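Worksheet: the structure to be examined is printed underneath.
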Amino acid sequence: MARNAQNLIDIATNILLTNEREHSTGLKNLLYDAKVAAGQRSMLFAMVNGAFKERDQLFAVADEEGLMEAVALPPSSLPSPLPKRDFTELQVVLYEALLGSRRVRGTSAIVDLVKGRKASLQKTLASRRKRGATNKYVPKVQMPRYVRVNYLLSNDVEAEKHLNSYGYNFVPTISTSSDNTVTVAKNCAQWDPVVPGLFSLPPGTSMHGDELVDSGALVLQDRSSCLTALALSPPPDARCIDTCSAPGNKTMHVASLMGANATGSISAFERSHQRYLTLERRIGLQGGEGFVKPVERDFMSVDVNSEFQDVTHILIDPSCSGSGLVASYGAGTKAELGEDENDIVATNGVDEEAVLELARAQTELILHAMKLPGATTIAYSTCSVHRTENEDVVLNVLNSNPNWECVPAVPKWPHRGLDIDEFKGFASKVCRADYEKDSTNGFFVARFEKKEKEKKKEEVAPEEVASKTAEGEVSTKKFTKAVKKMVKETGEMKVKKVRKRLAAEFKIDVKIAKKRLKEVVDASSKLEIDGKLLKRIT
């Protein structure tokens with residue numbers, strides 16, 4: 001038992017150390033890649049996220065208790081000099097002892113050190129709370145339980161009947177432009193006034209084991225998490241990409257909005273193998289097979305000049321600080337948190353360098369997506385409250401690519417962007433969400449569209465595109481030389497045969513060969529070709 005506990009501590013320690021070295025990787029990806037038994041995964045998430053979030057408080061308690069000095073000048077049972085890894089392990093063990101499971105299990109010297117001082121550490125923590133030096137324990141707010149109808153497998157009527165069978169009565173939703181909060185009474189349910197197909201149940205409601213949830217017909221997903229797909233809202237025939245897909249609820253929400261009879265497609269990218277497997281299972285569970293294709297690959301590796309040329313709509317919900325995830329559902333397992341269950345990367349003391357690094361990666365991702373020639377619409381979102389990852393990213397993108405503009409995202413959502421001068425050009429067009437105003441986790445959404453004049457530039461016939469490509473590959477000199485040779489050899493050859501021979505020789509379309517041949521004929525006098533003879537074959 002102690003060895004298993006120590007193994008979990010070691011994995012948590014490695015994740016925190018790696019995250020400190022590689023800010024762009026993100027805790028979410030590191031946690032998904034961790035090789036642990038299925039039953040231990042939720043324990044690992046809690047341990048890592050808790051230790052990460054409460055680092056400053058834990059070390060403050062340890063320092064006041066004299067533990068930090070004891071670690072800095074270790075007793076004979078600890079290695080000397082003490083490596084940074086042991087301080088990170090101390091962070092994990094302190095969290096478990098004081099704020100997590102309240103148990104201290106393991107086999108390392110750090111575990112023994114904390115175990116021997118646990119009672120004293122608890123007294124120090126209580127003393128700091130009493131005098132206000134450390135915030136007292138405040139339970140996370142309990143939000144309504146949000147459930148989304150998956151229109152690929154069900155509909156609103158079936159969902160309502162299903163909830164009625166459990167004794168829930170759907171009541172009218174009261175909503176105004178100034179009040180976007182959600183309050184659900186006991187044994188009641190209500191449809192969301194903004195997000196189609198989303199309904200809310202009382203806080204603390206557990207849907208764990210429900211047959212429609214287990215079958216994928218109903219999806220447990222936070223209210224704010226639904227805004228991304230709603231902002232994108234692609235038509236049924238759209239060609240879509242989700243750049244950072246796993247676990248897959250946003251991907252499948254896009255599919256649900258496109259409908260069971262959609263003729264388009266979604267390419268769902270995920271670079272982490274473990275997360276890809278989760279994505280693949282969710283696509284199958286929620287009825288997306290054949291329509292939604294999982295792609296185990298980093299979207300940044302896409303060659304925008306040759307791949308996914310017909311993609312029109314792109315969803316970008318990348319790794320972020322997770323600073324908006326402040327609420328709890330108060331019931332069920334971690335899996336019941338839905339799409340955002342592992343986006344908990346927030347800190348009390350913000351690591352500005354880490355957030356800036358995330359923002360740089362987020363900006364690069366959007367700009368890369370904008371390079372796809374067929375792209376017309378992009379929805380960008382984060383579960384962050386930091387302007388650095390939100391409005392600042394939008395501003396940087398617009399300054400970097402003037403061919404795109406920010407347009408209103410989810411117009412019915414009343415809570416908009418930060419109202420400050422530098423964002424006045426688009427603040428009213430982006431969405432923000434938070435618990436106080438919207439009864440949901442903190443969130444941000446922006447919608448970008450390619451400007452109309454840029455769309456028209458790129459709306460050319462396929463043969464014209466091919467012609468431009470061919471003209472770059474086949475020089476006029478070579479083409480003219482081939483025509484001269486053909487004129488001498490053929491004389492009275494029919495025009496169709498000439499075009500076909502030219503197309504075959506230069507590996508171009510016959511329509512392009514016709515266009516190039518006309519150019520040669522028009523320039524015949526300058527090129528010293530017998531114009532009369534040329535006209536016989538054109």
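Simple scheme: letters A, B, ... for chains in structure tokens order, numbers from 1 for residues in each chain, numbers from 1 for ligands in the order shown.
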Inset, instruction - Name all residues at most 6 Å from stretch 367-377 of chain A (count only C-alpha atoms; drop same-chain ones fewer than 2 positions away) and give them as a list of chain:residue names. - result: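 With the cut-off at 6 Å, the set is A:Val304, A:Gln309, A:Asp310, A:Val311, A:Thr312, A:His313, A:Glu364, A:Leu365, A:Phe448, A:Glu449, A:Lys450.
The space separating atom CA of A:Ile366 from atom CA of A:Gly264 comes to 22.0 Å.
Distances here use only C-alpha atoms; by that measure, the residue among A:Pro235, A:Gly26, A:Gly39, A:Gly106 closest to A:Arg3 is A:Gly106.
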Inset, instruction - Using only C-alpha atoms, determine which residues lie at most 9 Å from A:Asn403, disregarding the query and same-chain residues fewer than 5 positions distant; provide the list as a PyMOL selection string. - result: chain A and resi 398+449-454
Give me the residues within 7 Å of A:Met47 as a short mmCIF file (atom, residue, chain, number, x, y, z; two decimals) with all heavy atoms, in the first residue's frame, counting only C-alpha atoms and dropping any in the same chain fewer than 4 places off.
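As written to disk, result36.cif reads:
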data_model
loop_
_atom_site.label_atom_id
_atom_site.label_comp_id
_atom_site.auth_asym_id
_atom_site.auth_seq_id
_atom_site.Cartn_x
_atom_site.Cartn_y
_atom_site.Cartn_z
N ALA A 12 3.31 12.37 -9.52
CA ALA A 12 2.85 13.76 -9.34
C ALA A 12 4.03 14.72 -9.30
O ALA A 12 3.99 15.81 -9.89
CB ALA A 12 2.04 13.87 -8.05
N MET A 43 -7.27 10.38 -8.48
CA MET A 43 -6.44 10.72 -7.31
C MET A 43 -5.24 11.56 -7.75
O MET A 43 -4.86 12.53 -7.10
CB MET A 43 -5.97 9.46 -6.61
CG MET A 43 -7.11 8.63 -6.00
SD MET A 43 -6.56 6.97 -5.50
CE MET A 43 -5.30 7.39 -4.30
N ALA A 51 -1.72 20.46 -5.29
CA ALA A 51 -0.36 20.87 -4.91
C ALA A 51 0.10 22.08 -5.71
O ALA A 51 0.75 22.99 -5.20
CB ALA A 51 0.61 19.71 -5.10
N VAL A 92 3.99 18.12 -2.81
CA VAL A 92 2.94 17.12 -3.03
C VAL A 92 2.51 16.47 -1.71
O VAL A 92 1.32 16.35 -1.42
CB VAL A 92 3.42 16.04 -4.02
CG1 VAL A 92 2.40 14.90 -4.11
CG2 VAL A 92 3.67 16.64 -5.40
N GLU A 96 -1.20 16.54 0.41
CA GLU A 96 -1.95 15.36 0.84
C GLU A 96 -2.17 15.37 2.35
O GLU A 96 -3.23 15.01 2.84
CB GLU A 96 -1.19 14.08 0.43
CG GLU A 96 -1.40 13.68 -1.02
CD GLU A 96 -2.86 13.33 -1.29
OE1 GLU A 96 -3.29 12.22 -0.95
OE2 GLU A 96 -3.58 14.19 -1.85
#
Inset, instruction - Quick one: everything within 6 Å of A:Gly324, counting only C-alpha atoms, minus sequence neighbours fewer than 3 positions away in the same chain. Send it as a PyMOL selection string. - result: chain A and resi 383-385+441-442
